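K.L.:
For reference, the file target_5.txt (compact mmCIF, C-alpha atoms) is included below:
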# COMPACT_ATOMS: atom_id res chain seq x y z
CA MET A 201 45.21 109.57 127.30
CA THR A 202 48.70 108.52 126.31
CA VAL A 203 51.06 107.35 129.05
CA GLU A 204 54.72 107.31 128.11
CA ILE A 205 57.12 105.14 130.12
CA ARG A 206 60.80 106.15 130.04
CA PRO A 207 63.94 105.36 132.01
CA MET A 208 63.88 107.40 135.21
CA ARG A 209 66.16 110.36 135.74
CA PRO A 210 66.97 111.08 139.42
CA GLU A 211 65.27 114.48 139.06
CA ASP A 212 61.97 112.74 138.29
CA ALA A 213 61.70 111.27 141.80
CA VAL A 214 62.37 114.67 143.35
CA GLU A 215 59.99 116.57 141.06
CA ILE A 216 56.97 114.23 141.29
CA ARG A 217 54.02 115.58 143.29
CA ARG A 218 53.39 112.48 145.40
CA GLN A 219 49.97 111.46 146.62
CA ALA A 220 49.35 112.50 150.23
CA SER A 221 49.31 108.85 151.32
CA GLN A 222 52.85 108.41 149.97
CA ARG A 223 54.47 111.20 151.93
CA VAL A 224 54.96 108.91 154.93
CA GLN A 225 56.95 105.70 154.56
CA MET A 226 57.74 103.28 157.36
CA GLY A 227 56.28 105.86 159.74
CA LEU A 228 58.61 108.67 158.65
CA SER A 229 57.59 111.78 156.71
CA ARG A 230 60.38 112.97 154.48
CA ASP A 231 61.29 114.01 150.97
CA MET A 232 63.61 112.02 148.76
CA THR A 233 66.98 113.59 148.02
CA LEU A 234 68.56 113.71 144.60
CA ALA A 235 71.31 111.38 145.86
CA GLU A 236 68.73 108.81 147.04
CA ALA A 237 66.93 109.04 143.70
CA ALA A 238 70.23 108.52 141.88
CA GLU A 239 70.75 105.32 143.89
CA LEU A 240 67.36 104.03 142.72
CA VAL A 241 68.45 104.60 139.13
CA ASP A 242 71.93 103.12 139.63
CA GLU A 243 70.95 100.08 141.71
CA GLY A 244 68.27 98.41 139.63
CA ALA A 245 65.50 99.20 137.18
CA ALA A 246 63.79 102.58 137.48
CA LEU A 247 61.10 103.99 135.21
CA THR A 248 59.04 107.18 135.01
CA ALA A 249 55.54 107.47 133.60
CA PHE A 250 54.50 110.72 131.94
CA VAL A 251 51.21 112.10 130.67
CA GLY A 252 52.42 114.88 128.44
CA ALA A 253 55.12 116.67 130.43
CA ARG A 254 53.61 115.72 133.81
CA ILE A 255 55.21 112.96 135.88
CA VAL A 256 52.47 110.60 137.09
CA ALA A 257 54.65 107.86 138.58
CA CYS A 258 58.16 106.66 139.24
CA PHE A 259 58.61 102.97 139.93
CA GLY A 260 61.11 100.18 139.79
CA ILE A 261 63.07 97.47 141.51
CA ARG A 262 66.09 98.32 143.63
CA GLU A 263 68.50 95.42 143.82
CA THR A 264 69.42 94.76 147.43
CA PHE A 265 71.60 91.81 146.44
CA PRO A 266 72.62 92.50 142.83
CA GLY A 267 71.48 89.82 140.44
CA ALA A 268 69.58 87.94 143.16
CA GLN A 269 67.07 90.01 145.16
CA GLY A 270 65.35 93.37 145.02
CA VAL A 271 62.69 95.63 146.48
CA ALA A 272 59.80 96.84 144.33
CA TRP A 273 58.99 100.50 144.93
CA ALA A 274 56.68 103.15 143.50
CA LEU A 275 55.99 106.86 143.83
CA LEU A 276 52.52 107.72 142.55
CA ALA A 277 51.49 111.28 141.78
CA GLU A 278 48.44 113.19 142.86
CA GLY A 279 45.93 113.03 140.04
CA LEU A 280 47.27 109.73 138.67
CA GLY A 281 43.69 108.97 137.64
CA GLY A 282 43.35 107.60 134.12
CA ALA A 283 47.05 106.72 133.93
CA HIS A 284 46.72 104.24 136.81
CA LEU A 285 46.03 101.20 134.64
CA ALA A 286 48.96 101.82 132.28
CA VAL A 287 51.33 102.44 135.20
CA THR A 288 50.14 99.32 137.03
CA ARG A 289 50.55 97.17 133.93
CA ALA A 290 54.06 98.51 133.31
CA ALA A 291 55.04 97.88 136.94
CA ARG A 292 53.64 94.34 136.74
CA ARG A 293 55.64 93.64 133.55
CA LEU A 294 58.77 94.87 135.31
CA VAL A 295 58.18 92.60 138.31
CA MET A 296 57.14 89.54 136.32
CA ARG A 297 59.97 89.81 133.75
CA SER A 298 62.70 90.45 136.28
CA PRO A 299 65.29 87.66 136.43
CA LEU A 300 65.78 88.27 140.17
CA ALA A 301 65.05 85.23 142.35
CA ARG A 302 63.21 87.31 144.95
CA ILE A 303 61.39 90.64 144.79
CA GLU A 304 59.70 92.05 147.87
CA ALA A 305 57.77 95.09 149.03
CA ILE A 306 56.48 96.16 152.43
CA VAL A 307 53.16 98.02 152.55
CA ARG A 308 50.96 99.37 155.33
CA ALA A 309 48.34 96.77 156.24
CA ASP A 310 45.57 99.31 156.81
CA VAL A 311 46.03 101.17 153.50
CA ASP A 312 43.90 99.20 151.05
CA ALA A 313 45.35 100.94 147.99
CA GLU A 314 48.89 99.84 148.92
CA VAL A 315 47.83 96.24 149.55
CA ILE A 316 45.80 96.05 146.33
CA TRP A 317 48.57 97.60 144.23
CA ALA A 318 51.15 95.14 145.57
CA ARG A 319 48.89 92.31 144.43
CA LEU A 320 48.17 93.91 141.06
CA VAL A 321 51.87 94.15 140.22
CA GLY A 322 52.35 90.43 140.85
CA LEU A 323 53.40 90.19 144.48
CA THR A 324 51.92 87.77 147.03
CA ALA A 325 51.33 88.48 150.71
CA ALA A 326 53.83 86.50 152.77
CA HIS A 327 53.79 87.80 156.32
CA VAL A 328 52.24 90.44 158.57
CA LEU A 329 54.86 92.59 160.30
CA ARG A 330 53.26 93.77 163.54
CA LYS A 331 54.19 97.17 164.96
CA PHE A 332 56.74 97.72 162.18
CA GLY A 333 58.52 100.97 161.38
CA ALA A 334 58.92 104.29 163.18
CA ALA A 335 55.18 104.63 163.83
CA SER A 336 54.76 101.00 164.97
CA GLU A 337 52.11 100.26 162.35
CA ASP A 338 51.19 96.84 161.01
CA HIS A 339 52.68 96.21 157.57
CA ILE A 340 52.52 93.30 155.13
CA LEU A 341 55.56 91.80 153.46
CA PHE A 342 54.77 90.95 149.85
CA GLU A 343 57.05 88.87 147.63
CA ARG A 344 57.51 87.30 144.23
CA ILE A 345 59.73 84.22 144.21
CA ARG A 346 61.05 82.98 140.87
Could you spell out this file's structure in structure tokens?
P.N.:
Amino acid sequence: MTVEIRPMRPEDAVEIRRQASQRVQMGLSRDMTLAEAAELVDEGAALTAFVGARIVACFGIRETFPGAQGVAWALLAEGLGGAHLAVTRAARRLVMRSPLARIEAIVRADVDAEVIWARLVGLTAAHVLRKFGAASEDHILFERIR
């Protein structure tokens, strides 16, 4: 299987068929708008992974403080399957090569796949956020400090 990584187009983040576990973020169920996707592209590094014509992932780092800090994010598609390793490696390269002083991500503490993926892309658990988000779930703040 060949996984091709390209710069993300805003349409990619709207078109991806997200995994069921990714349809709720911070306790809110919602779809990304084209405008929000355009901000991801414009405010940092954003990539899309394809297997053939199918989008299997969108991921990147959104700069919250340009040139200094950012948030790592990912949208993973249903049926990611065999592309998982290539996507994870590309996301890790992005995080590890970033010149930003701080990169962070917040994941749900009770979703093993989210916690494991944060570690696999080079982030380290820093703090448990109790009763965080709209659904008051425990989350973990992960970070990479340069």
K.L.:
Quick one: everything within 9 Å of A:Val271, counting only C-alpha atoms, minus sequence neighbours fewer than 3 positions away in the same chain. Send it as a PyMOL selection string.
P.N.:
chain A and resi 260-264+302-306+343
K.L.:
Take the residues from that selection and write them out as an mmCIF file, in the coordinates of the input, keeping C-alpha atoms.
P.N.:
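So the final result, stored in result-v3.cif, reads:
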data_model
loop_
_atom_site.group_PDB
_atom_site.id
_atom_site.type_symbol
_atom_site.label_atom_id
_atom_site.label_comp_id
_atom_site.auth_asym_id
_atom_site.auth_seq_id
_atom_site.Cartn_x
_atom_site.Cartn_y
_atom_site.Cartn_z
ATOM 1 C CA GLY A 260 61.110 100.180 139.790
ATOM 2 C CA ILE A 261 63.070 97.470 141.510
ATOM 3 C CA ARG A 262 66.090 98.320 143.630
ATOM 4 C CA GLU A 263 68.500 95.420 143.820
ATOM 5 C CA THR A 264 69.420 94.760 147.430
ATOM 6 C CA ARG A 302 63.210 87.310 144.950
ATOM 7 C CA ILE A 303 61.390 90.640 144.790
ATOM 8 C CA GLU A 304 59.700 92.050 147.870
ATOM 9 C CA ALA A 305 57.770 95.090 149.030
ATOM 10 C CA ILE A 306 56.480 96.160 152.430
ATOM 11 C CA GLU A 343 57.050 88.870 147.630
#
K.L.:
Mind pulling up the distance from atom CA of A:His327 to atom CA of A:Thr288?
P.N.:
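Separating atom CA of A:Thr288 from atom CA of A:His327 is a distance of 22.8 Å.
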K.L.:
Using Å and a single decimal, report how far atom CA of A:Arg308 sits from atom CA of A:Gly270.
P.N.:
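Going from atom CA of A:Gly270 over to atom CA of A:Arg308, I get 18.7 Å.
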K.L.:
Determine, for each residue of stretch 207-282 of chain A having at least one atom at most 12 Å from an atom of stretch 291-298 of chain A, the closest pair of atoms and their separation in Å to one decimal, counting only C-alpha atoms; order by chain and ascending number, as JSON lines.
P.N.:
{"residue": "A:Gly244", "atom": "CA", "partner": "A:Ser298", "partner_atom": "CA", "distance": 10.3}
{"residue": "A:Ala245", "atom": "CA", "partner": "A:Leu294", "partner_atom": "CA", "distance": 8.2}
{"residue": "A:Ala246", "atom": "CA", "partner": "A:Leu294", "partner_atom": "CA", "distance": 9.5}
{"residue": "A:Leu247", "atom": "CA", "partner": "A:Ala291", "partner_atom": "CA", "distance": 8.8}
{"residue": "A:Thr248", "atom": "CA", "partner": "A:Ala291", "partner_atom": "CA", "distance": 10.3}
{"residue": "A:Ala249", "atom": "CA", "partner": "A:Ala291", "partner_atom": "CA", "distance": 10.2}
{"residue": "A:Ala257", "atom": "CA", "partner": "A:Ala291", "partner_atom": "CA", "distance": 10.1}
{"residue": "A:Cys258", "atom": "CA", "partner": "A:Ala291", "partner_atom": "CA", "distance": 9.6}
{"residue": "A:Phe259", "atom": "CA", "partner": "A:Ala291", "partner_atom": "CA", "distance": 6.9}
{"residue": "A:Gly260", "atom": "CA", "partner": "A:Ala291", "partner_atom": "CA", "distance": 7.1}
{"residue": "A:Ile261", "atom": "CA", "partner": "A:Val295", "partner_atom": "CA", "distance": 7.6}
{"residue": "A:Arg262", "atom": "CA", "partner": "A:Val295", "partner_atom": "CA", "distance": 11.1}
{"residue": "A:Glu263", "atom": "CA", "partner": "A:Ser298", "partner_atom": "CA", "distance": 10.7}
{"residue": "A:Gly267", "atom": "CA", "partner": "A:Ser298", "partner_atom": "CA", "distance": 9.7}
{"residue": "A:Ala268", "atom": "CA", "partner": "A:Ser298", "partner_atom": "CA", "distance": 10.0}
{"residue": "A:Gln269", "atom": "CA", "partner": "A:Ser298", "partner_atom": "CA", "distance": 9.9}
{"residue": "A:Gly270", "atom": "CA", "partner": "A:Ser298", "partner_atom": "CA", "distance": 9.6}
{"residue": "A:Val271", "atom": "CA", "partner": "A:Val295", "partner_atom": "CA", "distance": 9.8}
{"residue": "A:Ala272", "atom": "CA", "partner": "A:Val295", "partner_atom": "CA", "distance": 7.5}
{"residue": "A:Trp273", "atom": "CA", "partner": "A:Ala291", "partner_atom": "CA", "distance": 9.3}
{"residue": "A:Ala274", "atom": "CA", "partner": "A:Ala291", "partner_atom": "CA", "distance": 8.6}
{"residue": "A:Leu275", "atom": "CA", "partner": "A:Ala291", "partner_atom": "CA", "distance": 11.4}
{"residue": "A:Leu276", "atom": "CA", "partner": "A:Ala291", "partner_atom": "CA", "distance": 11.6}
K.L.:
To one decimal place in Å, what is the distance between atom CA of A:Pro207 and atom CA of A:Leu320?
P.N.:
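Result for atom CA of A:Pro207 versus atom CA of A:Leu320: 21.5 Å, one decimal.
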K.L.:
Just the residues within 12 Å of A:Asp312, please, counting all atoms listed in the file, with nothing from its chain fewer than 4 positions along; format it as a PyMOL selection string.
P.N.:
chain A and resi 221+307-308+316-319+339-340
K.L.:
Of the residues A:Ala277, A:Ala309, A:Val315, A:Val241, which is the one nearest to A:Gln219, using all atoms listed in the file?
P.N.:
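Among the listed residues, A:Ala277 lies closest to A:Gln219.
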K.L.:
Quick one: everything within 9 Å of stretch 212-214 of chain A, counting all atoms listed in the file, minus sequence neighbours fewer than 3 positions away in the same chain. Send it as a list in words.
P.N.:
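Everything that qualifies: Met208, Arg209, Arg217, Asp231, Met232, Thr233, Leu234, Ala237, Ala238, Thr248, Ile255, Ala257, Cys258 and Leu275 of chain A.
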K.L.:
If the box runs along x, y and z of the file and leaves 3 Å on each side of stretch 292-295 of chain A, what are its centre and edge lengths in Å, one decimal, as lines of an AutoDock Vina configuration file?
P.N.:
center_x = 56.2
center_y = 93.7
center_z = 135.9
size_x = 11.1
size_y = 8.3
size_z = 10.8
